[in-house]
Structures are given as C-alpha cells and as structure tokens.
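> Below you'll find final-v5.cif; it's mmCIF, C-alpha atoms.
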data_entry
loop_
_atom_site.label_atom_id
_atom_site.label_comp_id
_atom_site.auth_asym_id
_atom_site.auth_seq_id
_atom_site.Cartn_x
_atom_site.Cartn_y
_atom_site.Cartn_z
CA MET A 1 -29.28 6.91 -0.63
CA LYS A 2 -27.60 4.37 -2.92
CA ILE A 3 -24.48 5.51 -4.74
CA CYS A 4 -22.64 3.30 -7.22
CA PHE A 5 -18.99 3.86 -8.20
CA VAL A 6 -17.91 2.57 -11.61
CA VAL A 7 -14.17 1.91 -11.88
CA ASP A 8 -11.76 -0.30 -13.80
CA LYS A 9 -10.06 -2.25 -10.98
CA PHE A 10 -11.14 -2.40 -7.35
CA PRO A 11 -9.51 -1.90 -4.96
CA SER A 12 -6.48 -0.26 -6.58
CA LEU A 13 -3.34 0.99 -4.84
CA SER A 14 -2.76 3.54 -7.61
CA GLU A 15 -6.29 4.95 -7.13
CA THR A 16 -6.46 5.57 -3.39
CA PHE A 17 -8.46 8.72 -4.18
CA VAL A 18 -11.37 6.42 -5.14
CA LEU A 19 -11.10 4.55 -1.84
CA ASP A 20 -10.97 7.81 0.10
CA GLN A 21 -14.06 9.13 -1.69
CA ILE A 22 -15.92 5.90 -0.98
CA ALA A 23 -14.90 6.07 2.67
CA GLY A 24 -16.26 9.62 2.83
CA CYS A 25 -19.63 8.48 1.46
CA LEU A 26 -19.79 5.60 3.94
CA GLU A 27 -19.06 7.98 6.80
CA ARG A 28 -22.05 10.04 5.70
CA GLY A 29 -24.42 7.09 5.84
CA MET A 30 -24.71 6.33 2.14
CA GLU A 31 -25.17 2.83 0.78
CA VAL A 32 -22.13 2.43 -1.45
CA GLY A 33 -21.60 -0.18 -4.12
CA VAL A 34 -18.90 -0.67 -6.75
CA VAL A 35 -19.16 -1.97 -10.30
CA CYS A 36 -15.76 -2.76 -11.81
CA ASN A 37 -14.02 -4.68 -14.57
CA GLU A 38 -11.72 -6.58 -12.23
CA MET A 39 -11.65 -7.32 -8.51
CA SER A 40 -8.21 -7.32 -6.93
CA PHE A 41 -9.03 -8.64 -3.48
CA GLY A 42 -6.22 -10.77 -2.13
CA LYS A 43 -3.79 -9.53 -4.77
CA ASP A 44 -2.46 -6.51 -2.89
CA GLY A 45 -2.32 -6.59 0.89
CA ASN A 46 -1.55 -2.85 0.99
CA ILE A 47 -5.20 -2.03 0.25
CA ASP A 48 -6.98 -5.31 1.04
CA ASP A 49 -9.03 -3.60 3.74
CA SER A 50 -12.09 -5.27 5.26
CA ARG A 51 -14.12 -2.13 4.50
CA TRP A 52 -13.95 -2.84 0.78
CA HIS A 53 -15.07 -6.46 1.20
CA ALA A 54 -18.15 -5.44 3.18
CA LEU A 55 -19.56 -2.50 1.24
CA PRO A 56 -23.34 -2.36 1.86
CA GLY A 57 -23.99 -2.12 -1.89
CA LYS A 58 -21.43 -4.84 -2.63
CA VAL A 59 -18.64 -5.04 -5.20
CA VAL A 60 -19.53 -6.74 -8.48
CA CYS A 61 -18.00 -7.13 -11.93
CA TRP A 62 -19.99 -5.33 -14.62
CA TRP A 63 -19.67 -8.29 -17.01
CA GLY A 64 -20.25 -10.94 -14.34
CA ARG A 65 -18.66 -14.25 -15.32
CA LEU A 66 -17.58 -12.79 -18.65
CA ALA A 67 -15.21 -10.42 -16.82
CA ARG A 68 -12.40 -12.99 -16.89
CA TYR A 69 -12.53 -13.01 -20.68
CA ARG A 70 -12.45 -9.24 -21.11
CA PRO A 71 -8.69 -9.00 -21.87
CA LEU A 72 -8.93 -11.79 -24.45
CA LEU A 73 -12.02 -10.32 -26.09
CA ARG A 74 -10.33 -6.96 -26.35
CA LYS A 75 -7.32 -8.55 -28.00
CA TRP A 76 -9.31 -10.72 -30.41
CA SER A 77 -12.01 -8.24 -31.40
CA GLY A 78 -9.55 -5.56 -32.57
CA ARG A 79 -11.33 -2.66 -34.25
CA PHE A 80 -14.71 -4.18 -33.36
CA TRP A 81 -13.94 -3.90 -29.64
CA ASP A 82 -15.98 -0.74 -29.14
CA LYS A 83 -19.18 -2.28 -30.53
CA LEU A 84 -18.66 -5.63 -28.81
CA SER A 85 -17.86 -4.17 -25.40
CA THR A 86 -20.79 -1.75 -25.62
CA ALA A 87 -23.18 -4.61 -26.41
CA ILE A 88 -21.93 -6.58 -23.40
CA ASP A 89 -22.08 -3.47 -21.19
CA ILE A 90 -25.72 -2.90 -22.12
CA ALA A 91 -26.61 -6.57 -21.64
CA HIS A 92 -25.26 -6.39 -18.07
CA ALA A 93 -26.37 -2.85 -17.23
CA HIS A 94 -28.92 -4.19 -14.72
CA ARG A 95 -26.06 -4.24 -12.19
CA LEU A 96 -26.32 -0.44 -12.04
CA GLN A 97 -30.11 -0.09 -12.15
CA ASN A 98 -30.77 0.21 -8.41
CA ALA A 99 -28.45 3.17 -7.82
CA ASP A 100 -29.77 6.65 -7.02
CA VAL A 101 -26.55 8.19 -8.35
CA ILE A 102 -23.74 6.73 -10.45
CA VAL A 103 -20.17 8.03 -10.15
CA ALA A 104 -17.89 7.00 -13.01
CA HIS A 105 -14.19 7.48 -12.37
CA PHE A 106 -12.41 8.28 -15.66
CA GLY A 107 -14.04 9.35 -18.90
CA ASN A 108 -14.08 5.88 -20.46
CA ASN A 109 -16.35 4.57 -17.71
CA GLY A 110 -18.56 7.64 -17.97
CA MET A 111 -18.96 6.90 -21.67
CA ARG A 112 -19.96 3.29 -20.96
CA VAL A 113 -22.64 4.36 -18.50
CA ALA A 114 -23.87 7.14 -20.80
CA ARG A 115 -24.39 4.65 -23.64
CA ALA A 116 -26.49 2.45 -21.36
CA ILE A 117 -28.52 5.50 -20.31
CA LYS A 118 -29.12 6.31 -23.99
CA ARG A 119 -30.48 2.78 -24.52
CA GLY A 120 -32.85 3.23 -21.58
CA ARG A 121 -31.13 0.58 -19.44
CA ILE A 122 -30.09 3.00 -16.66
CA SER A 123 -32.05 5.94 -15.28
CA ALA A 124 -29.86 7.20 -12.42
CA PRO A 125 -28.05 10.54 -12.86
CA LEU A 126 -24.40 10.17 -13.86
CA MET A 127 -21.38 12.05 -12.54
CA THR A 128 -18.14 11.49 -14.45
CA ILE A 129 -14.80 12.35 -12.85
CA PHE A 130 -11.99 13.09 -15.31
CA HIS A 131 -8.50 12.46 -13.96
CA GLY A 132 -5.66 12.63 -16.50
CA ARG A 133 -5.04 10.14 -19.29
CA ASP A 134 -8.76 10.22 -20.11
CA VAL A 135 -8.35 13.89 -21.08
CA GLY A 136 -4.71 14.01 -22.16
CA GLU A 137 -4.70 11.26 -24.76
CA PRO A 138 -7.83 12.41 -26.64
CA LEU A 139 -6.54 15.99 -26.47
CA HIS A 140 -3.34 14.76 -28.08
CA ASP A 141 -5.29 12.85 -30.76
CA ASP A 142 -7.87 15.60 -31.25
CA THR A 143 -10.64 13.17 -30.26
CA LEU A 144 -11.81 14.72 -26.98
CA ALA A 145 -15.26 15.24 -28.55
CA ARG A 146 -15.73 11.46 -28.14
CA TYR A 147 -17.29 12.37 -24.78
CA LYS A 148 -20.25 14.09 -26.45
CA ILE A 149 -22.57 11.32 -25.25
CA VAL A 150 -21.32 11.86 -21.68
CA PHE A 151 -22.10 15.56 -21.95
CA GLU A 152 -25.57 14.81 -23.34
CA LYS A 153 -26.61 11.95 -21.03
CA GLY A 154 -24.58 12.74 -17.92
CA ALA A 155 -25.77 15.12 -15.21
CA LEU A 156 -22.37 16.48 -14.17
CA GLN A 157 -18.74 16.36 -15.30
CA LEU A 158 -16.26 16.72 -12.43
CA PRO A 159 -12.72 17.24 -13.79
CA VAL A 160 -10.03 17.31 -11.13
CA ASN A 161 -8.52 20.59 -12.32
CA ALA A 162 -9.40 23.77 -14.20
CA PHE A 163 -7.21 22.83 -17.19
CA PHE A 164 -9.43 19.81 -17.82
CA ARG A 165 -12.60 21.82 -17.22
CA ASP A 166 -11.66 24.27 -19.95
CA ALA A 167 -10.74 21.45 -22.33
CA LEU A 168 -14.12 19.74 -21.86
CA ILE A 169 -16.04 22.97 -22.36
CA ASP A 170 -14.04 23.69 -25.52
CA VAL A 171 -15.36 20.48 -27.11
CA GLY A 172 -19.00 20.95 -26.21
CA ALA A 173 -19.64 20.31 -22.54
CA SER A 174 -22.11 22.79 -21.06
CA PRO A 175 -20.33 25.16 -18.65
CA THR A 176 -23.24 24.74 -16.23
CA GLN A 177 -22.57 21.00 -16.05
CA VAL A 178 -18.80 21.12 -15.56
CA MET A 179 -17.45 21.68 -12.07
CA VAL A 180 -13.87 21.33 -10.86
CA HIS A 181 -13.69 18.91 -7.95
CA HIS A 182 -10.20 18.36 -6.58
CA MET A 183 -9.04 15.13 -5.06
CA GLY A 184 -7.51 15.60 -1.63
CA VAL A 185 -5.84 14.06 1.42
CA ARG A 186 -6.70 14.01 5.10
CA PRO A 187 -4.29 16.34 6.91
CA SER A 188 -5.49 14.97 10.25
CA GLU A 189 -3.93 11.62 9.31
CA ILE A 190 -0.62 13.11 8.11
CA GLY A 191 1.64 14.52 10.78
CA TYR A 192 3.53 17.68 9.81
CA ARG A 193 7.27 17.44 10.43
CA TRP A 194 9.94 19.81 9.21
CA ARG A 195 13.48 18.44 8.99
CA SER A 196 16.40 20.72 8.12
CA TRP A 197 19.27 19.46 5.96
CA GLU A 198 21.65 22.20 7.05
CA GLN A 199 23.96 19.71 8.77
CA ALA A 200 22.70 16.55 7.08
CA THR A 201 22.79 14.58 3.86
CA LEU A 202 20.02 16.01 1.67
CA SER A 203 17.38 13.32 1.14
CA PHE A 204 15.20 13.42 -1.99
CA ILE A 205 12.23 11.11 -2.54
CA SER A 206 9.69 10.31 -5.27
CA VAL A 207 6.58 8.16 -4.90
CA CYS A 208 4.89 7.26 -8.19
CA ARG A 209 4.38 4.68 -10.89
CA LEU A 210 7.44 4.64 -13.11
CA THR A 211 5.77 5.85 -16.29
CA GLU A 212 6.84 8.54 -18.74
CA LYS A 213 4.54 11.28 -17.42
CA LYS A 214 6.12 11.15 -13.95
CA GLY A 215 9.37 12.57 -15.34
CA ILE A 216 11.74 10.58 -13.11
CA GLU A 217 14.36 10.56 -15.89
CA TYR A 218 14.58 14.35 -15.56
CA ALA A 219 14.87 14.09 -11.80
CA LEU A 220 17.88 11.78 -12.22
CA ARG A 221 19.55 14.05 -14.78
CA ALA A 222 19.01 17.15 -12.64
CA LEU A 223 20.40 15.43 -9.55
CA ALA A 224 23.45 14.29 -11.51
CA SER A 225 24.13 17.96 -12.33
CA LEU A 226 23.65 19.18 -8.76
CA PRO A 227 26.76 20.96 -7.42
CA ARG A 228 26.16 19.66 -3.92
CA ARG A 229 27.26 16.04 -3.74
CA ASN A 230 26.05 14.88 -0.31
CA TRP A 231 22.56 13.79 -1.29
CA VAL A 232 20.59 10.55 -1.64
CA TYR A 233 17.46 9.79 -3.65
CA SER A 234 14.79 7.15 -2.98
CA VAL A 235 12.25 6.17 -5.64
CA ILE A 236 9.17 4.27 -4.45
CA GLY A 237 6.97 2.60 -7.05
CA GLY A 238 7.08 0.08 -9.87
CA GLY A 239 6.33 0.37 -13.54
CA GLU A 240 7.49 -0.35 -17.05
CA LEU A 241 10.40 2.12 -16.90
CA LEU A 242 12.07 0.66 -13.81
CA GLU A 243 14.99 -1.06 -15.53
CA GLU A 244 15.48 1.81 -17.97
CA LEU A 245 15.69 4.30 -15.10
CA LYS A 246 18.17 2.11 -13.24
CA GLY A 247 20.31 2.13 -16.39
CA ILE A 248 20.11 5.93 -16.64
CA ALA A 249 21.22 6.28 -13.01
CA ALA A 250 24.16 3.96 -13.69
CA ASN A 251 25.17 5.82 -16.86
CA LEU A 252 25.04 9.13 -14.98
CA GLY A 253 27.34 7.75 -12.30
CA ILE A 254 24.83 8.23 -9.46
CA ALA A 255 23.57 4.66 -8.96
CA ASP A 256 25.30 4.51 -5.56
CA ARG A 257 23.11 7.38 -4.31
CA VAL A 258 19.81 6.33 -5.90
CA THR A 259 17.67 3.54 -4.45
CA PHE A 260 14.76 2.07 -6.37
CA LEU A 261 12.54 0.55 -3.68
CA GLY A 262 9.66 -0.71 -5.83
CA PRO A 263 6.08 -0.63 -4.51
CA ARG A 264 5.93 -0.37 -0.72
CA PRO A 265 3.11 -0.56 1.86
CA HIS A 266 1.48 2.79 2.56
CA SER A 267 2.68 2.69 6.18
CA GLU A 268 6.28 2.43 4.97
CA VAL A 269 5.74 5.18 2.40
CA LYS A 270 4.53 7.52 5.14
CA GLN A 271 7.57 6.72 7.27
CA ARG A 272 9.99 7.32 4.40
CA LEU A 273 8.26 10.63 3.66
CA ARG A 274 8.79 11.64 7.29
CA ASP A 275 12.50 10.83 6.98
CA ALA A 276 13.06 12.72 3.69
CA HIS A 277 13.56 16.43 2.97
CA VAL A 278 12.51 17.10 -0.63
CA PHE A 279 9.74 15.47 -2.68
CA LEU A 280 10.56 15.42 -6.38
CA LEU A 281 7.99 14.87 -9.16
CA PRO A 282 8.93 16.67 -12.42
CA SER A 283 5.84 15.57 -14.38
CA VAL A 284 5.74 15.86 -18.18
CA THR A 285 3.23 15.32 -20.98
CA ALA A 286 3.89 11.82 -22.31
CA ARG A 287 4.38 11.18 -26.00
CA ASP A 288 0.91 9.62 -26.21
CA GLY A 289 -0.61 12.70 -24.52
CA ASP A 290 -0.99 11.19 -21.06
CA LEU A 291 -1.25 13.88 -18.39
CA GLU A 292 -1.39 14.22 -14.65
CA GLY A 293 -4.49 15.57 -12.97
CA ILE A 294 -3.08 16.91 -9.71
CA PRO A 295 -0.97 14.13 -8.13
CA VAL A 296 -2.16 13.09 -4.69
CA SER A 297 1.43 12.17 -3.83
CA LEU A 298 2.36 15.87 -4.02
CA MET A 299 -0.49 16.69 -1.63
CA GLU A 300 0.68 14.04 0.85
CA ALA A 301 4.26 15.36 0.72
CA MET A 302 3.11 18.96 1.24
CA ALA A 303 0.95 17.92 4.20
CA ALA A 304 3.88 16.04 5.72
CA GLY A 305 6.26 19.04 5.69
CA LEU A 306 8.50 18.21 2.75
CA THR A 307 9.70 20.79 0.26
CA VAL A 308 8.05 19.85 -3.04
CA VAL A 309 9.47 20.29 -6.53
CA SER A 310 7.41 19.72 -9.67
CA THR A 311 6.64 21.30 -13.05
CA TYR A 312 4.29 23.69 -14.83
CA HIS A 313 2.13 20.80 -15.98
CA SER A 314 -1.64 20.29 -16.24
CA GLY A 315 -3.30 21.20 -12.90
CA ILE A 316 -0.15 21.16 -10.76
CA PRO A 317 0.11 24.99 -10.62
CA GLU A 318 -3.33 24.96 -8.94
CA LEU A 319 -1.63 23.15 -6.05
CA ILE A 320 1.91 24.58 -6.04
CA GLU A 321 2.80 28.25 -6.37
CA ASP A 322 6.48 28.61 -7.27
CA GLN A 323 8.59 29.79 -4.34
CA LYS A 324 5.43 30.16 -2.20
CA THR A 325 4.24 26.62 -1.49
CA GLY A 326 6.91 24.71 -3.43
CA PHE A 327 8.98 24.96 -6.58
CA LEU A 328 8.08 24.58 -10.26
CA ALA A 329 10.24 24.25 -13.37
CA PRO A 330 9.22 24.00 -17.04
CA GLU A 331 8.65 20.46 -18.31
CA ARG A 332 11.80 18.60 -19.44
CA ASP A 333 14.01 21.59 -18.60
CA ILE A 334 16.89 19.86 -16.82
CA ALA A 335 18.90 23.07 -16.34
CA ALA A 336 15.96 24.90 -14.75
CA LEU A 337 15.18 21.93 -12.54
CA THR A 338 18.82 21.72 -11.44
CA ARG A 339 18.76 25.42 -10.50
CA LYS A 340 15.69 24.87 -8.32
CA LEU A 341 17.32 21.90 -6.56
CA ALA A 342 20.59 23.78 -6.10
CA TRP A 343 18.79 26.73 -4.49
CA ILE A 344 16.90 24.40 -2.17
CA ALA A 345 20.13 22.63 -1.21
CA GLU A 346 21.71 25.91 -0.11
CA ASN A 347 18.65 27.49 1.54
CA PRO A 348 17.03 25.17 4.09
CA LYS A 349 15.80 28.00 6.34
CA PRO A 350 13.61 29.76 3.71
CA CYS A 351 12.32 26.34 2.68
CA GLU A 352 10.87 25.85 6.16
CA GLN A 353 8.44 28.74 5.64
CA ILE A 354 7.55 27.43 2.18
CA ALA A 355 6.83 23.99 3.65
CA LEU A 356 4.60 25.52 6.32
CA ALA A 357 2.68 27.48 3.66
CA ALA A 358 2.30 24.25 1.69
CA ARG A 359 0.72 22.50 4.69
CA LYS A 360 -1.73 25.39 5.08
CA LYS A 361 -2.59 25.17 1.36
CA ILE A 362 -3.53 21.50 1.77
CA GLU A 363 -5.60 22.19 4.87
CA ALA A 364 -7.47 24.99 3.11
CA ASP A 365 -7.98 23.74 -0.46
CA PHE A 366 -7.14 20.02 -0.69
CA ASN A 367 -8.61 18.70 2.55
CA ALA A 368 -10.36 15.43 1.73
CA ASP A 369 -12.77 15.75 4.64
CA VAL A 370 -14.05 19.07 3.29
CA LEU A 371 -14.02 17.85 -0.33
CA ASN A 372 -15.84 14.63 0.56
CA GLU A 373 -18.55 16.61 2.34
CA ARG A 374 -18.96 18.76 -0.76
CA PHE A 375 -19.03 15.67 -2.97
CA ALA A 376 -21.69 14.05 -0.78
CA GLN A 377 -23.85 17.16 -0.98
CA ILE A 378 -23.58 17.17 -4.78
CA ALA A 379 -24.50 13.47 -4.92
CA GLU A 380 -27.47 13.96 -2.58
CA GLN A 381 -28.80 16.82 -4.69
CA LEU A 382 -28.56 14.67 -7.82
CA GLY A 383 -30.18 11.74 -6.03
CA GLU A 384 -33.11 13.92 -5.03
CA THR A 385 -33.71 14.78 -8.70
CA ARG A 386 -34.15 11.08 -9.45
CA VAL A 387 -36.46 10.51 -6.48
CA GLY A 388 -38.57 13.46 -7.57
CA SER A 389 -38.80 12.37 -11.21
#
Translate the structure described by the file into structure tokens.

Amino acid sequence: MKICFVVDKFPSLSETFVLDQIAGCLERGMEVGVVCNEMSFGKDGNIDDSRWHALPGKVVCWWGRLARYRPLLRKWSGRFWDKLSTAIDIAHAHRLQNADVIVAHFGNNGMRVARAIKRGRISAPLMTIFHGRDVGEPLHDDTLARYKIVFEKGALQLPVNAFFRDALIDVGASPTQVMVHHMGVRPSEIGYRWRSWEQATLSFISVCRLTEKKGIEYALRALASLPRRNWVYSVIGGGELLEELKGIAANLGIADRVTFLGPRPHSEVKQRLRDAHVFLLPSVTARDGDLEGIPVSLMEAMAAGLTVVSTYHSGIPELIEDQKTGFLAPERDIAALTRKLAWIAENPKPCEQIALAARKKIEADFNADVLNERFAQIAEQLGETRVGS
C-alpha cells in the first residue's frame, strides 16, 4: 500500500508527531512518501535521520523547482495568493497521483489536496489531521467553514482532540467522517523516573517554541510569586518571544534562577527531563486565535515521571485530570497557577502517586504504538476502497 503524507516542511523538529506516524507506517510495511513545501535535510542535525532520506516513496516538493520561489510569490501576490497557489498546486498535483491514501497534516494542506480532487487531478482518499492553529485561527475569525471543500472531498477528518471535533462538526463536517485521533509517544522509549524534591532544589522545566500560546510569560510570573525560593527553571526552545521573555525574567528579579537554553538535541532534552521535577506549560489562546492540540511535550513529561502543570485549554484536559494525573489552572490566571505550584512545592509525596497515574494514562491512552496501529488500520481500510473502485 502506498501512503503519501502532505506537510509544510520535512523533516521538522517541531512536528516529531509526523515523523513518528511515518515510522509507524514503515514498520507496518507500507510504502511511504512525503510531499512538502520545503525540505530541511541538512539544516537540523537533531532530526536529519537516514530513515527520512530513504523513504521508499521518496520525499519531493509539491511545486518542484518552483518551491524555492514560494515565499516570494506569497509576498508579491498578496490577495491573489489563494488563486495563484491553487493553480500551481493543481498543475503539480501529479506528484500525489500514485498514492492509495493521502494524509494531509494541518487543515491548510487538506484544503489544497481537496481542491485538486475537485478538479479531478487526484483520486486517492484524503485524511486530514487538524492540529491547532488550523482550527484556532479560523475559529477566532469565524471562518472555520473554509474547510467545506475538505468535508465534501475528503474521506475522513482526524482532529487531535474532541474540542476540535466538535468545532468541525458545528461548521458542517459530517459526524460520521470526523474521528478523534490523538498523537502519542512511545512509553517503551521513555524511562520512568520519579525524583523527590523534599531535600533538593525544586527544578522546573519547559520544552516548547517560545510563542504566545505556550504561556511561558505566565510561568515566569507565577514562579516569581512562589513563596518557596529554592527553585530553578530551565526553558528549552527558541522562538520570537525569547528576548522578551528574558526581559520579563530580569524585571521580575528571577533571571539568576531562569535559564533559557534555546533549541537542544532530543537526546539532551530527554536527559534534562530526567533531571527535572516539574514540567510547566501554562498554554493560552493566542490573540490571533492560535491554539494547542494536545502538546506532545506534556505526554513525554508524564511518561518520564515528572509532575506536569498546564491549563484548561483546548484538548489538554483530555490528557491531564487536575490533581489526578497532573495539575491544571485557568488560562492567564497567575494567582491560581502560583497556588498550584506552591502546593506542589510543599507536597512531593502525594505528587509521586500523581506522576505514576500520569505514566499509566500515557500507556493506556496516548501510546504511539497503539495509536499508530489504529492509524494504519484506518489507512488500509481507506486504501481498499480505492482499490475496489
């Protein structure tokens, strides 16, 4: 069976869930190919794995040689970008014609494939996976119905949480064609290790891109208000807010206890997770509507034995139950977040049981091996419909 993944950039360190899903398909004997806007081989050693170079279905740019001009065309064409890009997509749609199933990650890519299907250039069934910004921003702008063509021409919509599922159904997606499919992690590759802070400096950590929706500003402000003073905080990841967040830490008088490490290799991230106590990700809805799906970084931290702290945001409550498998505070509520952190600081023993329950939650409901098997079965069923047509 030939399965084609349509993504923006490949491979991408911020989209390891795509790589994991591809790996799962390869393990099940599928011929996997990737169609993308930009190849990043050689640009990021953290994910420059030989497996991605040697995919049996190959990695190609949708626009071919025109791909290098895509950013310029988008800038120059302005309000005509949608028509221009669609015309080029359709002209190069032959790159997807040999697939038995097409998997588009993010709604924008699903829409591109759906338009080519409408023009008769592609006949393979389409699965579109909705992750976060692709739902949040159009929800914010009241334009989520833009995906009508995806609903009409696609075979399945696979949002990563129930919040997104309901939003898609509300704007016209058929309930029979919308199925929640969580992203996950492989617990077998993440060693569980509980570390008490009863007689130690309490170590907080965040791993994320430094964008508004990650809520790191609120983490800094809550930590600055924490009664307990013997703590440190490591922030792994880069992004447009890095310098602003450094300034906030300095203004709060906590810069000596906060370390911004920038992007780090995954092996180093795993080691730093093992050495930390509490994983902090107080996600918020960004001003432009950008949302989380369910952050994989939270799953990794829960599998590793950290106490996790996040917010009642998007699909996160599907992963974390407050005071059962972690801790949740309302978005942007610094006082509530501080209370959660203060309780954790003074109660390491109860947190051990919460961390153990969190590991079991990942093993049961967010196990990538199980989820990838389910995904492969869904893809095979769709592929059979094409073979039989």
> Counting all atoms listed in the file, which residues sit no farther than 12 Å from the position (0.6, 20.5, -9.9) in the file's frame? I'd like them as a PyMOL selection string.
chain A and resi 160-163+182+214+280-284+291-299+302+308-322+325-331
> Would you mind exporting the chosen residues as an mmCIF file, in the frame of the given file, restricted to C-alpha atoms?

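Written out: selection_28.cif:
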data_model
loop_
_atom_site.group_PDB
_atom_site.id
_atom_site.type_symbol
_atom_site.label_atom_id
_atom_site.label_comp_id
_atom_site.auth_asym_id
_atom_site.auth_seq_id
_atom_site.Cartn_x
_atom_site.Cartn_y
_atom_site.Cartn_z
ATOM 1 C CA VAL A 160 -10.030 17.310 -11.130
ATOM 2 C CA ASN A 161 -8.520 20.590 -12.320
ATOM 3 C CA ALA A 162 -9.400 23.770 -14.200
ATOM 4 C CA PHE A 163 -7.210 22.830 -17.190
ATOM 5 C CA HIS A 182 -10.200 18.360 -6.580
ATOM 6 C CA LYS A 214 6.120 11.150 -13.950
ATOM 7 C CA LEU A 280 10.560 15.420 -6.380
ATOM 8 C CA LEU A 281 7.990 14.870 -9.160
ATOM 9 C CA PRO A 282 8.930 16.670 -12.420
ATOM 10 C CA SER A 283 5.840 15.570 -14.380
ATOM 11 C CA VAL A 284 5.740 15.860 -18.180
ATOM 12 C CA LEU A 291 -1.250 13.880 -18.390
ATOM 13 C CA GLU A 292 -1.390 14.220 -14.650
ATOM 14 C CA GLY A 293 -4.490 15.570 -12.970
ATOM 15 C CA ILE A 294 -3.080 16.910 -9.710
ATOM 16 C CA PRO A 295 -0.970 14.130 -8.130
ATOM 17 C CA VAL A 296 -2.160 13.090 -4.690
ATOM 18 C CA SER A 297 1.430 12.170 -3.830
ATOM 19 C CA LEU A 298 2.360 15.870 -4.020
ATOM 20 C CA MET A 299 -0.490 16.690 -1.630
ATOM 21 C CA MET A 302 3.110 18.960 1.240
ATOM 22 C CA VAL A 308 8.050 19.850 -3.040
ATOM 23 C CA VAL A 309 9.470 20.290 -6.530
ATOM 24 C CA SER A 310 7.410 19.720 -9.670
ATOM 25 C CA THR A 311 6.640 21.300 -13.050
ATOM 26 C CA TYR A 312 4.290 23.690 -14.830
ATOM 27 C CA HIS A 313 2.130 20.800 -15.980
ATOM 28 C CA SER A 314 -1.640 20.290 -16.240
ATOM 29 C CA GLY A 315 -3.300 21.200 -12.900
ATOM 30 C CA ILE A 316 -0.150 21.160 -10.760
ATOM 31 C CA PRO A 317 0.110 24.990 -10.620
ATOM 32 C CA GLU A 318 -3.330 24.960 -8.940
ATOM 33 C CA LEU A 319 -1.630 23.150 -6.050
ATOM 34 C CA ILE A 320 1.910 24.580 -6.040
ATOM 35 C CA GLU A 321 2.800 28.250 -6.370
ATOM 36 C CA ASP A 322 6.480 28.610 -7.270
ATOM 37 C CA THR A 325 4.240 26.620 -1.490
ATOM 38 C CA GLY A 326 6.910 24.710 -3.430
ATOM 39 C CA PHE A 327 8.980 24.960 -6.580
ATOM 40 C CA LEU A 328 8.080 24.580 -10.260
ATOM 41 C CA ALA A 329 10.240 24.250 -13.370
ATOM 42 C CA PRO A 330 9.220 24.000 -17.040
ATOM 43 C CA GLU A 331 8.650 20.460 -18.310
#
> Between CA of Gln177 (chain A) and CA of Arg165 (chain A), what is the distance, to one decimal in Å?
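Calculated distance between CA of Gln177 (chain A) and CA of Arg165 (chain A) is 10.1 Å.
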> So how far away is CA of Ala276 (chain A) from CA of Ala224 (chain A), in Å?
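Separating CA of Ala224 (chain A) from CA of Ala276 (chain A) is a distance of 18.5 Å.
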> Around all of region 32-41 of chain A's listed atoms, make the axis-aligned box with 4 Å on each side and tell me centre and edge lengths in Å to one decimal, as AutoDock Vina command-line options.

--center_x -15.2 --center_y -3.1 --center_z -8.0 --size_x 21.9 --size_y 19.1 --size_z 21.1
> Enter the distance from CA of Asp365 (chain A) to CA of Val32 (chain A), in Å, rounded to one decimal.
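Value for the CA of Asp365 (chain A)-CA of Val32 (chain A) distance: 25.6 Å.
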> Under the PyMOL selection byres ((chain A and resi 100-109) around 9), which residues of this model are included? Write them out as a PyMOL selection string.
chain A and resi 1-8+18+96-99+110-114+123-135+147+150+379-380+382-384+386-387
> Would you mind telling me which residue in A:His53, A:Lys270, A:Arg79, A:Lys340 lies nearest to Gln323 (chain A) when using only C-alpha atoms?
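The closest residue to Gln323 (chain A) is A:Lys340.
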> Return the single residue from A:Glu137, A:Gly305, A:Thr143, A:Ala336 that is closest to Leu223 (chain A), with distances computed using all atoms listed in the file.
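Among the listed residues, A:Ala336 lies closest to Leu223 (chain A).
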> Need the neighbours of (-0.7, 2.4, 1.0): which residues are at most 9 Å away, counting all atoms listed in the file, as a count of residues only?
12
> Using all atoms listed in the file, which residue out of A:Ile190, A:Val178, A:Leu306, A:Leu66 lies closest to Glu352 (chain A)?
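Comparing A:Ile190, A:Val178, A:Leu306, A:Leu66 against Glu352 (chain A), the winner is A:Leu306.
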> Name the residues that the PyMOL selection byres ((chain A and resi 120) around 12) picks from the file above, as a VMD selection string, using the file's chain letters and numbers.
chain A and resid 90 to 91 93 to 94 97 113 to 119 121 to 124 153
> Restricting the calculation to all atoms listed in the file, which member of A:Leu19, A:Ala54, A:Ile354, A:Val207 is positioned closest to Glu31 (chain A)?
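Among A:Leu19, A:Ala54, A:Ile354, A:Val207, it is A:Ala54 that comes nearest to Glu31 (chain A).
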